[in-house]
Amino acid sequence: MRVLIVEDNLNIQANIADYLKDEYILDFAYNGSQGLELALSNEYDVIVLDLMLPGKDGIEICREYRAKTLSQVPILMLTARDTIDDKAVGFEAGTDDYMVKPFSLRELKMRIDALARRGKMKGKTVFEYAGVSLRVEASELAVGEQSIQLHEKEARILELLLEAAPDIVATKTVSHALWGDEPPDSGALRTHVYNLRQALAKLGQVDLLRTVRGRGYHLRKDES
């Protein structure tokens with residue numbers, strides 16, 4: 001996976017490089033103009049973009065990038081500004097996600113991975129695993145000839161799990177996909193997972209959705 005990091009703070013750049021260099025191919029830009037040039041001339045899976053940059057700021061880069069290319073590469077904005085109004089401006093410009101400084105490098109990697117998966121899923125309309133399929137546009141769960149209409153949140157959870165199956169999707173990843181940086185209480189996610197489990201059970205898939213305590217959820221079929 002190839003990731004562009006546009007960040008003028010050399011210490012932050014070095015920390016990101018040390019943490020992610022074994023996982024991704026990394027390109028770095030030190031200012032807005034250089035970052036935009038790299039974004040337009042190369043193919044990336046995710047772009048990580050600082051808001052405050054010399055020359056063009058992150059909002060300008062985001063707007064110009066979205067205007068000049070048909071590419072839907074996910075953009076993660078790094079910022080010290082955490083108000084709803086600040087975020088609204090970024091999302092209107094084409095940002096897909098936000099991280100507020102200071103941030104955890106581990107969480108940065110999780111966000112990059114989640115955005116990369118989301119980017120790959122764009123345009124895909126049907127997900128399948130172990131005889132279970134999800135028609136994304138209709139939020140329709142199907143097993144054989146039987147089908148059920150899912151609630152939007154349950155359909156999004158199933159989409160994540162089908163895409164990753166049989167690997168585990170972290171609880172934090174699922175929560176962020178549903179609610180971003182402002183999740184409700186932890187019981188809300190458990191309720192949606194319970195409802196999805198019940199829907200699967202109605203179609204004969206009683207034990208497909210598994211909870212891995214302290215880690216997350218996954219779909220796993222019995223090998224017997």
# chains A, B, ... in the order shown; residues from 1 in each chain; ligands from 1
>>> select_by_dssp(residues="segment 9-209 of chain A", states="alpha helix (DSSP H)", output="PyMOL selection string")
chain A and resi 10-20+32-41+58-68+84-93+105-121+152-164+171-179+186-202
>>> residues_around(residues="Tyr65 of chain A", least_positions_apart="5", cutoff="10 Å", atoms="only C-alpha atoms", output="PyMOL selection string")
chain A and resi 35-37+39-40+59-60+70-73+93-94
>>> select_by_dssp(residues="segment 54-169 of chain A", states="strand (DSSP E or B)", output="list of chain:residue names")
A:Ile75, A:Leu76, A:Met77, A:Leu78, A:Thr79, A:Asp97, A:Tyr98, A:Met99, A:Val100, A:Val126, A:Phe127, A:Glu128, A:Tyr129, A:Val132, A:Ser133, A:Leu134, A:Arg135, A:Glu140, A:Leu141, A:Ala142, A:Val143, A:Gln146, A:Ser147, A:Ile148, A:Gln149, A:Val169
>>> write_last_selection(atoms="N, CA and C atoms", output="short mmCIF file (atom, residue, chain, number, x, y, z; two decimals), in the first residue's frame")
data_model
loop_
_atom_site.label_atom_id
_atom_site.label_comp_id
_atom_site.auth_asym_id
_atom_site.auth_seq_id
_atom_site.Cartn_x
_atom_site.Cartn_y
_atom_site.Cartn_z
N ILE A 75 -8.82 10.78 1.94
CA ILE A 75 -7.93 11.78 2.53
C ILE A 75 -8.20 11.86 4.03
N LEU A 76 -7.13 11.73 4.81
CA LEU A 76 -7.18 11.87 6.27
C LEU A 76 -6.52 13.18 6.64
N MET A 77 -7.24 14.08 7.29
CA MET A 77 -6.73 15.39 7.66
C MET A 77 -6.21 15.38 9.09
N LEU A 78 -4.99 15.90 9.28
CA LEU A 78 -4.41 16.08 10.61
C LEU A 78 -4.56 17.54 11.01
N THR A 79 -5.07 17.80 12.20
CA THR A 79 -5.32 19.18 12.59
C THR A 79 -5.31 19.35 14.11
N ASP A 97 -11.76 11.87 6.63
CA ASP A 97 -11.62 11.59 8.05
C ASP A 97 -10.72 12.65 8.68
N TYR A 98 -10.80 12.77 10.00
CA TYR A 98 -10.01 13.73 10.76
C TYR A 98 -9.27 13.03 11.89
N MET A 99 -8.07 13.50 12.19
CA MET A 99 -7.38 13.16 13.44
C MET A 99 -6.87 14.43 14.07
N VAL A 100 -7.13 14.59 15.36
CA VAL A 100 -6.73 15.80 16.08
C VAL A 100 -5.36 15.58 16.73
N VAL A 126 -21.67 -5.99 -4.20
CA VAL A 126 -22.05 -7.23 -3.52
C VAL A 126 -20.83 -7.82 -2.81
N PHE A 127 -21.01 -8.21 -1.55
CA PHE A 127 -19.97 -8.88 -0.78
C PHE A 127 -20.47 -10.26 -0.40
N GLU A 128 -19.56 -11.25 -0.43
CA GLU A 128 -19.97 -12.62 -0.14
C GLU A 128 -18.92 -13.33 0.70
N TYR A 129 -19.40 -14.21 1.57
CA TYR A 129 -18.51 -15.09 2.34
C TYR A 129 -19.37 -16.20 2.95
N VAL A 132 -23.09 -16.33 2.58
CA VAL A 132 -23.82 -15.12 2.96
C VAL A 132 -23.43 -14.00 1.99
N SER A 133 -24.41 -13.26 1.52
CA SER A 133 -24.10 -12.13 0.64
C SER A 133 -24.83 -10.88 1.10
N LEU A 134 -24.24 -9.74 0.78
CA LEU A 134 -24.85 -8.44 1.09
C LEU A 134 -24.89 -7.62 -0.18
N ARG A 135 -26.09 -7.21 -0.57
CA ARG A 135 -26.25 -6.27 -1.68
C ARG A 135 -26.25 -4.88 -1.06
N GLU A 140 -29.37 -5.42 1.66
CA GLU A 140 -30.08 -6.70 1.64
C GLU A 140 -29.13 -7.86 1.95
N LEU A 141 -29.43 -8.55 3.04
CA LEU A 141 -28.70 -9.75 3.43
C LEU A 141 -29.38 -10.96 2.81
N ALA A 142 -28.61 -11.83 2.18
CA ALA A 142 -29.20 -13.01 1.54
C ALA A 142 -28.38 -14.25 1.85
N VAL A 143 -29.10 -15.36 2.07
CA VAL A 143 -28.51 -16.69 2.20
C VAL A 143 -29.35 -17.61 1.33
N GLN A 146 -33.26 -16.97 0.43
CA GLN A 146 -33.89 -16.14 1.46
C GLN A 146 -33.13 -14.82 1.62
N SER A 147 -33.84 -13.76 1.94
CA SER A 147 -33.19 -12.46 2.12
C SER A 147 -33.92 -11.65 3.18
N ILE A 148 -33.18 -10.70 3.77
CA ILE A 148 -33.71 -9.81 4.81
C ILE A 148 -33.17 -8.41 4.55
N GLN A 149 -34.02 -7.41 4.75
CA GLN A 149 -33.59 -6.02 4.67
C GLN A 149 -32.97 -5.63 6.00
N VAL A 169 -12.18 -7.72 12.70
CA VAL A 169 -12.27 -6.26 12.55
C VAL A 169 -12.36 -5.68 13.96
#
>>> residues_around(residues="Glu23 of chain A", least_positions_apart="3", cutoff="9 Å", atoms="only C-alpha atoms", output="PyMOL selection string")
chain A and resi 1+19-20
>>> residues_around(residues="Ser175 of chain A", least_positions_apart="4", cutoff="12 Å", atoms="only C-alpha atoms", output="list of chain:residue names")
A:Arg111, A:Ala114, A:Lys153, A:Glu154, A:Arg156, A:Ile157, A:Leu160, A:Val169, A:Ala170, A:Thr171, A:Trp179, A:Gly180, A:Asp181, A:Glu182, A:Pro183, A:Pro184, A:Asp185, A:Ser186, A:Gly187, A:Ala188, A:Leu189, A:Arg190, A:His192, A:Val193, A:Gly216, A:Tyr217
>>> write_last_selection(atoms="C-alpha atoms", output="mmCIF file, in the first residue's frame")
data_model
loop_
_atom_site.group_PDB
_atom_site.id
_atom_site.type_symbol
_atom_site.label_atom_id
_atom_site.label_comp_id
_atom_site.auth_asym_id
_atom_site.auth_seq_id
_atom_site.Cartn_x
_atom_site.Cartn_y
_atom_site.Cartn_z
ATOM 1 C CA ARG A 111 -7.369 4.946 10.381
ATOM 2 C CA ALA A 114 -9.776 1.591 7.445
ATOM 3 C CA LYS A 153 -25.909 0.435 10.618
ATOM 4 C CA GLU A 154 -26.196 -3.374 10.631
ATOM 5 C CA ARG A 156 -22.416 -1.316 7.343
ATOM 6 C CA ILE A 157 -21.127 -3.682 10.027
ATOM 7 C CA LEU A 160 -16.906 -4.473 7.017
ATOM 8 C CA VAL A 169 -12.270 -6.263 12.554
ATOM 9 C CA ALA A 170 -11.365 -4.249 15.653
ATOM 10 C CA THR A 171 -14.208 -2.876 17.767
ATOM 11 C CA TRP A 179 -20.084 7.170 13.982
ATOM 12 C CA GLY A 180 -16.701 8.726 13.293
ATOM 13 C CA ASP A 181 -15.109 10.540 16.238
ATOM 14 C CA GLU A 182 -18.350 10.910 18.186
ATOM 15 C CA PRO A 183 -19.623 7.412 19.022
ATOM 16 C CA PRO A 184 -22.565 6.928 21.395
ATOM 17 C CA ASP A 185 -22.227 4.750 24.489
ATOM 18 C CA SER A 186 -20.692 1.307 23.993
ATOM 19 C CA GLY A 187 -24.083 -0.382 24.275
ATOM 20 C CA ALA A 188 -25.160 1.047 20.904
ATOM 21 C CA LEU A 189 -22.590 -1.003 18.975
ATOM 22 C CA ARG A 190 -23.434 -4.148 20.917
ATOM 23 C CA HIS A 192 -26.400 -3.330 16.350
ATOM 24 C CA VAL A 193 -24.176 -6.423 16.441
ATOM 25 C CA GLY A 216 -13.529 -7.127 17.867
ATOM 26 C CA TYR A 217 -15.745 -9.179 15.567
#
>>> atom_distance(atom1="atom CA of Lys101 of chain A", atom2="atom CA of Ile84 of chain A")
15.2 Å
>>> residues_around(residues="His218 of chain A", least_positions_apart="3", cutoff="12 Å", atoms="only C-alpha atoms", output="list in words")
Tyr129, Ile157, Leu158, Glu159, Leu160, Leu161, Leu162, Glu163, Ala164, Ala165, Pro166, Asp167, Ile168, Val169, Ala170, Thr171, Val174, Val193, Arg197, Asp207, Leu208, Leu209, Arg210, Thr211, Val212, Arg213, Arg215 and Lys221 of chain A
>>> atom_distance(atom1="atom CA of Leu196 of chain A", atom2="atom CA of Ala155 of chain A")
8.0 Å
>>> atom_distance(atom1="atom CA of Pro102 of chain A", atom2="atom CA of Asn42 of chain A")
28.4 Å
>>> closest_residue(among="A:Asp8, A:Glu137, A:Asp222, A:Asp27", to="Tyr44 of chain A", atoms="only C-alpha atoms")
A:Asp27
>>> residues_around(residues="Tyr30 of chain A", least_positions_apart="6", cutoff="12 Å", atoms="only C-alpha atoms", output="list in words")
Leu4, Ile5, Val6, Glu7, Asp8, Asn9, Leu10, Asn11, Ile12, Gln13, Ala14, Leu36, Glu37, Leu38, Leu49, Asp50, Met52, Leu53, Pro54, Gly55, Lys56, Asp57 and Gly58 of chain A
>>> closest_residue(among="A:Asp86, A:Gly32, A:Pro74, A:Gly204", to="Ile61 of chain A", atoms="only C-alpha atoms")
A:Gly32
>>> decode(residues="segment 9-25 of chain A", atoms="C-alpha atoms", output="PDB file, in the first residue's frame")
ATOM      1  CA  ASN A   9       6.792  19.233  11.000  1.00  0.00           C
ATOM      2  CA  LEU A  10       9.967  17.195  10.571  1.00  0.00           C
ATOM      3  CA  ASN A  11       9.677  15.520  13.979  1.00  0.00           C
ATOM      4  CA  ILE A  12       6.148  14.311  13.206  1.00  0.00           C
ATOM      5  CA  GLN A  13       7.324  13.140   9.775  1.00  0.00           C
ATOM      6  CA  ALA A  14      10.175  11.167  11.353  1.00  0.00           C
ATOM      7  CA  ASN A  15       7.876   9.541  13.923  1.00  0.00           C
ATOM      8  CA  ILE A  16       5.374   8.537  11.251  1.00  0.00           C
ATOM      9  CA  ALA A  17       8.146   7.175   9.037  1.00  0.00           C
ATOM     10  CA  ASP A  18       9.646   5.081  11.842  1.00  0.00           C
ATOM     11  CA  TYR A  19       6.258   3.611  12.752  1.00  0.00           C
ATOM     12  CA  LEU A  20       4.877   2.934   9.270  1.00  0.00           C
ATOM     13  CA  LYS A  21       7.904   2.346   7.033  1.00  0.00           C
ATOM     14  CA  ASP A  22       7.739  -1.452   7.384  1.00  0.00           C
ATOM     15  CA  GLU A  23       4.031  -1.550   6.522  1.00  0.00           C
ATOM     16  CA  TYR A  24       3.635   0.903   3.632  1.00  0.00           C
ATOM     17  CA  ILE A  25       5.449   2.638   0.790  1.00  0.00           C
TER      18      ILE A  25
END
